[in-house]
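Colleague: data.cif is reproduced in full below (mmCIF, C-alpha atoms and all ligand atoms).
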data_data
#
loop_
_atom_site.label_atom_id
_atom_site.label_comp_id
_atom_site.auth_asym_id
_atom_site.auth_seq_id
_atom_site.Cartn_x
_atom_site.Cartn_y
_atom_site.Cartn_z
CA MET A 1 -149.59 49.20 -154.67
CA LEU A 2 -148.57 48.07 -158.13
CA LEU A 3 -150.89 49.54 -160.79
CA VAL A 4 -151.34 47.54 -163.96
CA ALA A 5 -153.25 48.35 -167.16
CA LEU A 6 -155.12 45.48 -168.80
CA GLY A 7 -156.00 46.20 -172.41
CA ASP A 8 -156.55 49.70 -173.76
CA VAL A 9 -156.16 51.84 -170.63
CA ARG A 10 -154.29 55.12 -170.82
CA ARG A 11 -151.16 55.55 -168.69
CA ARG A 12 -152.59 58.92 -167.68
CA LEU A 13 -155.47 57.18 -165.91
CA LEU A 14 -153.06 54.86 -164.05
CA HIS A 15 -151.14 57.93 -162.93
CA ASP A 16 -154.33 59.66 -161.71
CA VAL A 17 -155.43 56.50 -159.89
CA GLY A 18 -152.05 56.40 -158.14
CA ARG A 19 -152.46 60.00 -156.95
CA THR A 20 -156.01 59.30 -155.78
CA LEU A 21 -154.91 56.24 -153.77
CA ALA A 22 -152.24 58.37 -152.10
CA ASP A 23 -154.76 61.09 -151.20
CA ALA A 24 -157.57 58.77 -150.08
CA LEU A 25 -155.67 55.93 -148.44
CA GLY A 26 -152.12 57.15 -147.94
CA LEU A 27 -150.95 54.38 -150.26
CA ALA A 28 -147.81 54.71 -152.34
CA SER A 29 -148.11 53.21 -155.82
CA ALA A 30 -145.95 52.43 -158.79
CA SER A 31 -147.07 51.92 -162.37
CA GLY A 32 -146.40 48.38 -163.50
CA PRO A 33 -146.58 46.82 -166.93
CA SER A 34 -149.33 47.39 -169.48
CA LEU A 35 -150.74 43.95 -170.15
CA GLU A 36 -152.74 42.60 -173.04
CA ARG A 37 -156.50 42.32 -172.86
CA PRO A 38 -157.02 39.25 -170.61
CA GLN A 39 -158.26 36.72 -173.18
CA TYR A 40 -157.53 33.87 -170.70
CA ALA A 41 -160.46 35.13 -168.60
CA PHE A 42 -162.96 35.39 -171.48
CA ASN A 43 -166.15 33.38 -171.06
CA GLU A 44 -167.62 32.52 -174.46
CA ALA A 45 -171.20 32.02 -173.21
CA ARG A 46 -171.34 35.30 -171.27
CA ARG A 47 -169.14 37.39 -173.61
CA GLN A 48 -167.54 38.76 -170.44
CA TYR A 49 -164.33 38.29 -168.50
CA HIS A 50 -164.09 36.30 -165.26
CA ALA A 51 -162.82 38.62 -162.52
CA SER A 52 -161.40 35.76 -160.42
CA ALA A 53 -159.19 34.52 -163.27
CA ILE A 54 -157.79 38.05 -163.67
CA LEU A 55 -157.15 38.37 -159.93
CA ARG A 56 -155.12 35.14 -159.98
CA ARG A 57 -152.88 36.47 -162.75
CA LEU A 58 -152.50 39.83 -161.04
CA ALA A 59 -151.56 38.17 -157.74
CA ALA A 60 -148.74 36.37 -159.53
CA LEU A 61 -147.19 39.78 -160.32
CA ARG A 62 -146.63 40.48 -156.63
CA ALA A 63 -143.45 38.43 -156.52
CA GLY A 64 -141.79 40.88 -158.91
CA ALA A 65 -143.03 43.88 -156.92
CA ALA A 66 -141.53 43.04 -153.52
CA GLY A 67 -144.87 41.59 -152.41
CA ALA A 68 -146.80 44.82 -152.93
CA PRO A 69 -150.52 44.34 -153.61
CA VAL A 70 -151.63 44.73 -157.22
CA LEU A 71 -154.54 46.74 -158.67
CA GLY A 72 -155.45 46.21 -162.31
CA ILE A 73 -157.47 48.66 -164.42
CA ALA A 74 -159.16 46.76 -167.23
CA ASP A 75 -161.12 47.84 -170.32
CA VAL A 76 -163.22 44.67 -170.42
CA ASP A 77 -166.58 43.88 -168.82
CA LEU A 78 -166.14 41.72 -165.71
CA PHE A 79 -168.36 39.11 -164.11
CA VAL A 80 -168.43 36.76 -161.16
CA PRO A 81 -170.70 33.70 -161.35
CA ASP A 82 -173.49 35.04 -159.12
CA ALA A 83 -173.79 38.52 -160.65
CA PRO A 84 -174.66 39.83 -164.13
CA TRP A 85 -171.52 42.03 -163.98
CA VAL A 86 -169.23 43.72 -161.47
CA LEU A 87 -167.50 47.09 -161.69
CA GLY A 88 -164.56 45.62 -159.82
CA ASP A 89 -163.46 42.83 -157.52
CA ALA A 90 -160.84 42.26 -154.85
CA ASP A 91 -159.27 39.25 -153.18
CA ARG A 92 -157.76 40.46 -149.94
CA ALA A 93 -155.97 37.20 -149.16
CA ALA A 94 -154.35 37.20 -152.59
CA GLY A 95 -153.56 40.93 -152.45
CA ALA A 96 -155.05 41.59 -155.86
CA ALA A 97 -157.90 43.76 -157.11
CA VAL A 98 -159.30 44.85 -160.45
CA VAL A 99 -161.50 47.71 -161.65
CA SER A 100 -163.25 47.74 -165.02
CA VAL A 101 -163.84 50.94 -166.97
CA ALA A 102 -166.04 49.10 -169.51
CA ARG A 103 -169.35 50.20 -167.98
CA LEU A 104 -168.16 53.51 -166.55
CA ALA A 105 -168.16 55.51 -169.77
CA ASP A 106 -171.18 57.60 -170.75
CA GLY A 107 -169.51 59.57 -173.52
CA ASP A 108 -167.73 61.78 -171.02
CA LEU A 109 -164.11 60.71 -170.59
CA GLN A 110 -163.59 62.89 -167.55
CA ARG A 111 -166.55 61.37 -165.75
CA ARG A 112 -165.41 57.88 -166.65
CA ASP A 113 -161.98 58.54 -165.19
CA LEU A 114 -163.42 60.01 -162.00
CA ARG A 115 -165.64 56.93 -161.61
CA ALA A 116 -162.61 54.70 -162.17
CA ARG A 117 -160.70 56.57 -159.45
CA VAL A 118 -163.63 56.16 -157.03
CA GLU A 119 -163.85 52.43 -157.72
CA ALA A 120 -160.07 52.09 -157.43
CA VAL A 121 -160.29 53.53 -153.91
CA HIS A 122 -163.14 51.08 -153.25
CA GLU A 123 -161.22 47.98 -154.33
CA ALA A 124 -157.95 49.12 -152.73
CA GLY A 125 -159.95 49.73 -149.54
CA HIS A 126 -161.04 46.09 -149.63
CA LEU A 127 -157.37 45.08 -149.93
CA LEU A 128 -156.70 47.10 -146.78
CA GLY A 129 -159.47 45.20 -144.99
CA LEU A 130 -162.41 47.61 -145.32
CA ASP A 131 -165.93 46.26 -145.84
CA HIS A 132 -168.86 47.94 -147.57
CA CYS A 133 -170.05 51.15 -145.98
CA PRO A 134 -173.66 52.34 -145.52
CA GLU A 135 -172.65 55.99 -146.14
CA PRO A 136 -173.82 56.77 -149.73
CA GLY A 137 -171.03 59.29 -150.43
CA CYS A 138 -168.21 57.04 -149.21
CA ALA A 139 -166.02 55.24 -151.75
CA MET A 140 -166.62 51.99 -149.81
CA HIS A 141 -170.37 52.13 -150.50
CA LEU A 142 -171.30 49.30 -152.88
CA SER A 143 -172.16 50.39 -156.44
CA THR A 144 -173.50 47.99 -159.01
CA GLU A 145 -174.75 50.56 -161.55
CA PRO A 146 -172.24 53.03 -163.00
CA GLY A 147 -174.54 55.97 -162.22
CA GLU A 148 -174.42 55.06 -158.54
CA VAL A 149 -170.70 55.74 -158.55
CA ASP A 150 -171.44 59.43 -159.20
CA ARG A 151 -172.85 59.79 -155.68
CA LYS A 152 -169.51 58.79 -154.21
CA ALA A 153 -166.30 60.74 -153.68
CA PRO A 154 -162.89 59.23 -154.39
CA ALA A 155 -162.36 59.27 -150.63
CA LEU A 156 -163.36 57.48 -147.44
CA CYS A 157 -165.94 58.69 -144.94
CA ARG A 158 -164.81 59.44 -141.41
CA ALA A 159 -165.85 56.00 -140.11
CA CYS A 160 -163.92 54.14 -142.80
CA ARG A 161 -160.87 56.31 -142.24
CA ALA A 162 -161.06 55.50 -138.55
CA ALA A 163 -161.43 51.78 -139.33
CA LEU A 164 -158.16 51.93 -141.27
CA GLY A 165 -156.37 53.14 -138.18
CA PRO A 166 -153.59 55.70 -137.97
ZN ZN A 201 -166.93 46.20 -152.71
ZN ZN A 202 -167.35 54.69 -145.31
#
Could you spell out this file's structure in structure tokens?
Ligand SMILES: [Zn+2]
Ligand SMILES: [Zn+2]

Modeller:
Amino acid sequence: MLLVALGDVRRRLLHDVGRTLADALGLASASGPSLERPQYAFNEARRQYHASAILRRLAALRAGAAGAPVLGIADVDLFVPDAPWVLGDADRAAGAAVVSVARLADGDLQRRDLRARVEAVHEAGHLLGLDHCPEPGCAMHLSTEPGEVDRKAPALCRACRAALGP
């Protein structure tokens, strides 16, 4: 997995996300470039950033990373057309995913980073073919509100681990 910062995201968080993906999913990761805030994805009417446009740009980075999938961590608020916002998004076919920290902060940097790690496992899990999970404590459970992320661990439940295979 190639990890990429979009906008003002600390390298330390990328590093922690990489460790979490290794623990939770057995994925090896490398830190890629730190990219500018994705102005190309900005929607003037919504004052938010279109997740799909970001995923297309991230997917284009795979060629330089020996085809490894790409996970971006962004500091901007993301949307898709049929939702008021999303905490992250993934396109399995394209091999690209993105997590936003914009809504995850509540004044506590440590909590924000833990939430980001949980959602990174969630989106990377989608890239590995996992769907949403009914287990509330599993990283693959769908969260739309940041507070809901706090009920999840940065790890998969037993059923999701089994679905990934050996
Ligand atoms: Zn999901
Ligand atoms: Zn699960």

Colleague: Counting all atoms listed in the file, select every polymer residue within 9 Å of (-148.8, 42.8, -164.8) as defined in the file's coordinates, and provide the selection as a PDB file with C-alpha atoms, keeping the file's coordinate frame.

Modeller:
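Result went into point_2.pdb, see below:
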ATOM      1  CA  LEU A   2    -148.570  48.070-158.130  1.00  0.00           C
ATOM      2  CA  LEU A   3    -150.890  49.540-160.790  1.00  0.00           C
ATOM      3  CA  VAL A   4    -151.340  47.540-163.960  1.00  0.00           C
ATOM      4  CA  ALA A   5    -153.250  48.350-167.160  1.00  0.00           C
ATOM      5  CA  LEU A   6    -155.120  45.480-168.800  1.00  0.00           C
ATOM      6  CA  GLY A  32    -146.400  48.380-163.500  1.00  0.00           C
ATOM      7  CA  PRO A  33    -146.580  46.820-166.930  1.00  0.00           C
ATOM      8  CA  SER A  34    -149.330  47.390-169.480  1.00  0.00           C
ATOM      9  CA  LEU A  35    -150.740  43.950-170.150  1.00  0.00           C
ATOM     10  CA  ARG A  57    -152.880  36.470-162.750  1.00  0.00           C
ATOM     11  CA  LEU A  58    -152.500  39.830-161.040  1.00  0.00           C
ATOM     12  CA  ALA A  59    -151.560  38.170-157.740  1.00  0.00           C
ATOM     13  CA  ALA A  60    -148.740  36.370-159.530  1.00  0.00           C
ATOM     14  CA  LEU A  61    -147.190  39.780-160.320  1.00  0.00           C
ATOM     15  CA  ARG A  62    -146.630  40.480-156.630  1.00  0.00           C
ATOM     16  CA  VAL A  70    -151.630  44.730-157.220  1.00  0.00           C
ATOM     17  CA  GLY A  72    -155.450  46.210-162.310  1.00  0.00           C
TER      18      GLY A  72
END

Colleague: Using all atoms listed in the file, determine which residues lie at most 9 Å from Met1 of chain A, disregarding the query and same-chain residues fewer than 3 positions distant; provide the list as a list in words.

Modeller: Gly18, Leu21, Leu27, Ala28, Ser29, Ala30, Ser31, Ala65, Ala68, Pro69, Val70, Leu71 and Ala124 of chain A

Colleague: What does the distance from atom CA of Gly137 of chain A to atom ZN of ligand ZN 202 (chain A) come to in Å, to one decimal?

Modeller: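 Taking atom CA of Gly137 of chain A and atom ZN of ligand ZN 202 (chain A), their separation equals 7.8 Å.
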
Colleague: Pick out the residues no farther than 8 Å from ligand ZN 201 (chain A), counting all atoms listed in the file, and list them as a list of chain:residue names.

Modeller: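 Answer in the requested format: A:Gly88, A:Asp89, A:Ala90, A:His122, A:Glu123, A:His126, A:Asp131, A:His132, A:Met140, A:His141, A:Leu142, A:Ser143.
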
Colleague: Which protein, DNA or RNA residues have an atom within 7 Å of ligand ZN 202 (chain A), counting all atoms listed in the file, as a list in words?

Modeller: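 Protein and nucleic-acid residues within 7 Å of ligand ZN 202 (chain A): Cys133, Pro134, Glu135, Cys138, Ala139, Met140, His141, Leu156, Cys157, Arg158, Ala159 and Cys160 of chain A.
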
Colleague: Of the residues A:Val121, A:Leu14, A:Ala153, A:Ala53, which is the one nearest to Pro136 of chain A, using all atoms listed in the file?

Modeller: A:Ala153

Colleague: Find, counting all atoms listed in the file, the residue in A:Gly7, A:Arg56, A:Glu119, A:Asp75 that gets nearest to Gly95 of chain A.

Modeller: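 Among the listed residues, A:Arg56 lies closest to Gly95 of chain A.
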
Colleague: Quick one: pull the distance between atom CA of Gly129 of chain A and atom CA of Val17 of chain A, Å, one decimal.

Modeller: 19.1 Å

Colleague: Quick one: distance from atom CA of Ile54 of chain A to atom CA of Pro81 of chain A in Å, one decimal?

Modeller: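 Result for atom CA of Ile54 of chain A versus atom CA of Pro81 of chain A: 13.8 Å, one decimal.
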
Colleague: Give the centre and edge lengths of an axis-aligned box, in Å to one decimal, that holds all listed atoms of segment 37-44 of chain A with 4 Å on each side, as AutoDock Vina command-line options.

Modeller:
--center_x -162.1 --center_y 37.4 --center_z -171.5 --size_x 19.1 --size_y 17.8 --size_z 13.9

Colleague: Excluding Val86 of chain A and any residue of its chain fewer than 3 positions from it, enumerate the residues within 10 Å of it, using only C-alpha atoms, and give them as an MDAnalysis selection string.

Modeller: chainID A and resid 50:51 77:80 82:83 89 99:100 103 143:146

Colleague: May I have the protein, DNA and RNA residues with an atom at most 9 Å from (-159.4, 51.8, -142.4), counting only C-alpha atoms in the file's coordinates, returned as a list of chain:residue names?

Modeller: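 Applying the cut-off with only C-alpha atoms, one gets A:Leu25, A:Gly125, A:Leu128, A:Gly129, A:Leu130, A:Leu156, A:Ala159, A:Cys160, A:Arg161, A:Ala162, A:Ala163, A:Leu164, A:Gly165, A:Pro166.
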
Colleague: Generate the coordinates of N, CA and C atoms for segment 105-118 of chain A; report them as a PDB file, in the frame of the given file.

Modeller:
ATOM      1  N   ALA A 105    -168.122  54.424-168.803  1.00  0.00           N
ATOM      2  CA  ALA A 105    -168.160  55.510-169.770  1.00  0.00           C
ATOM      3  C   ALA A 105    -169.610  55.892-170.083  1.00  0.00           C
ATOM      4  N   ASP A 106    -169.877  57.188-170.235  1.00  0.00           N
ATOM      5  CA  ASP A 106    -171.180  57.600-170.750  1.00  0.00           C
ATOM      6  C   ASP A 106    -170.945  58.702-171.786  1.00  0.00           C
ATOM      7  N   GLY A 107    -169.846  58.578-172.514  1.00  0.00           N
ATOM      8  CA  GLY A 107    -169.510  59.570-173.520  1.00  0.00           C
ATOM      9  C   GLY A 107    -168.610  60.660-172.981  1.00  0.00           C
ATOM     10  N   ASP A 108    -168.514  60.733-171.665  1.00  0.00           N
ATOM     11  CA  ASP A 108    -167.730  61.780-171.020  1.00  0.00           C
ATOM     12  C   ASP A 108    -166.500  61.133-170.396  1.00  0.00           C
ATOM     13  N   LEU A 109    -165.342  61.367-171.028  1.00  0.00           N
ATOM     14  CA  LEU A 109    -164.110  60.710-170.590  1.00  0.00           C
ATOM     15  C   LEU A 109    -163.727  61.122-169.176  1.00  0.00           C
ATOM     16  N   GLN A 110    -163.961  62.399-168.868  1.00  0.00           N
ATOM     17  CA  GLN A 110    -163.590  62.890-167.550  1.00  0.00           C
ATOM     18  C   GLN A 110    -164.409  62.211-166.456  1.00  0.00           C
ATOM     19  N   ARG A 111    -165.705  62.033-166.734  1.00  0.00           N
ATOM     20  CA  ARG A 111    -166.550  61.370-165.750  1.00  0.00           C
ATOM     21  C   ARG A 111    -166.139  59.912-165.588  1.00  0.00           C
ATOM     22  N   ARG A 112    -165.829  59.275-166.719  1.00  0.00           N
ATOM     23  CA  ARG A 112    -165.410  57.880-166.650  1.00  0.00           C
ATOM     24  C   ARG A 112    -164.156  57.742-165.775  1.00  0.00           C
ATOM     25  N   ASP A 113    -163.212  58.629-165.954  1.00  0.00           N
ATOM     26  CA  ASP A 113    -161.980  58.540-165.190  1.00  0.00           C
ATOM     27  C   ASP A 113    -162.211  58.822-163.708  1.00  0.00           C
ATOM     28  N   LEU A 114    -163.108  59.755-163.407  1.00  0.00           N
ATOM     29  CA  LEU A 114    -163.420  60.010-162.000  1.00  0.00           C
ATOM     30  C   LEU A 114    -164.072  58.771-161.385  1.00  0.00           C
ATOM     31  N   ARG A 115    -165.012  58.160-162.116  1.00  0.00           N
ATOM     32  CA  ARG A 115    -165.640  56.930-161.610  1.00  0.00           C
ATOM     33  C   ARG A 115    -164.592  55.839-161.394  1.00  0.00           C
ATOM     34  N   ALA A 116    -163.650  55.729-162.307  1.00  0.00           N
ATOM     35  CA  ALA A 116    -162.610  54.700-162.170  1.00  0.00           C
ATOM     36  C   ALA A 116    -161.766  54.962-160.921  1.00  0.00           C
ATOM     37  N   ARG A 117    -161.497  56.237-160.651  1.00  0.00           N
ATOM     38  CA  ARG A 117    -160.700  56.570-159.450  1.00  0.00           C
ATOM     39  C   ARG A 117    -161.478  56.228-158.186  1.00  0.00           C
ATOM     40  N   VAL A 118    -162.797  56.500-158.191  1.00  0.00           N
ATOM     41  CA  VAL A 118    -163.630  56.160-157.030  1.00  0.00           C
ATOM     42  C   VAL A 118    -163.605  54.644-156.798  1.00  0.00           C
TER      43      VAL A 118
END
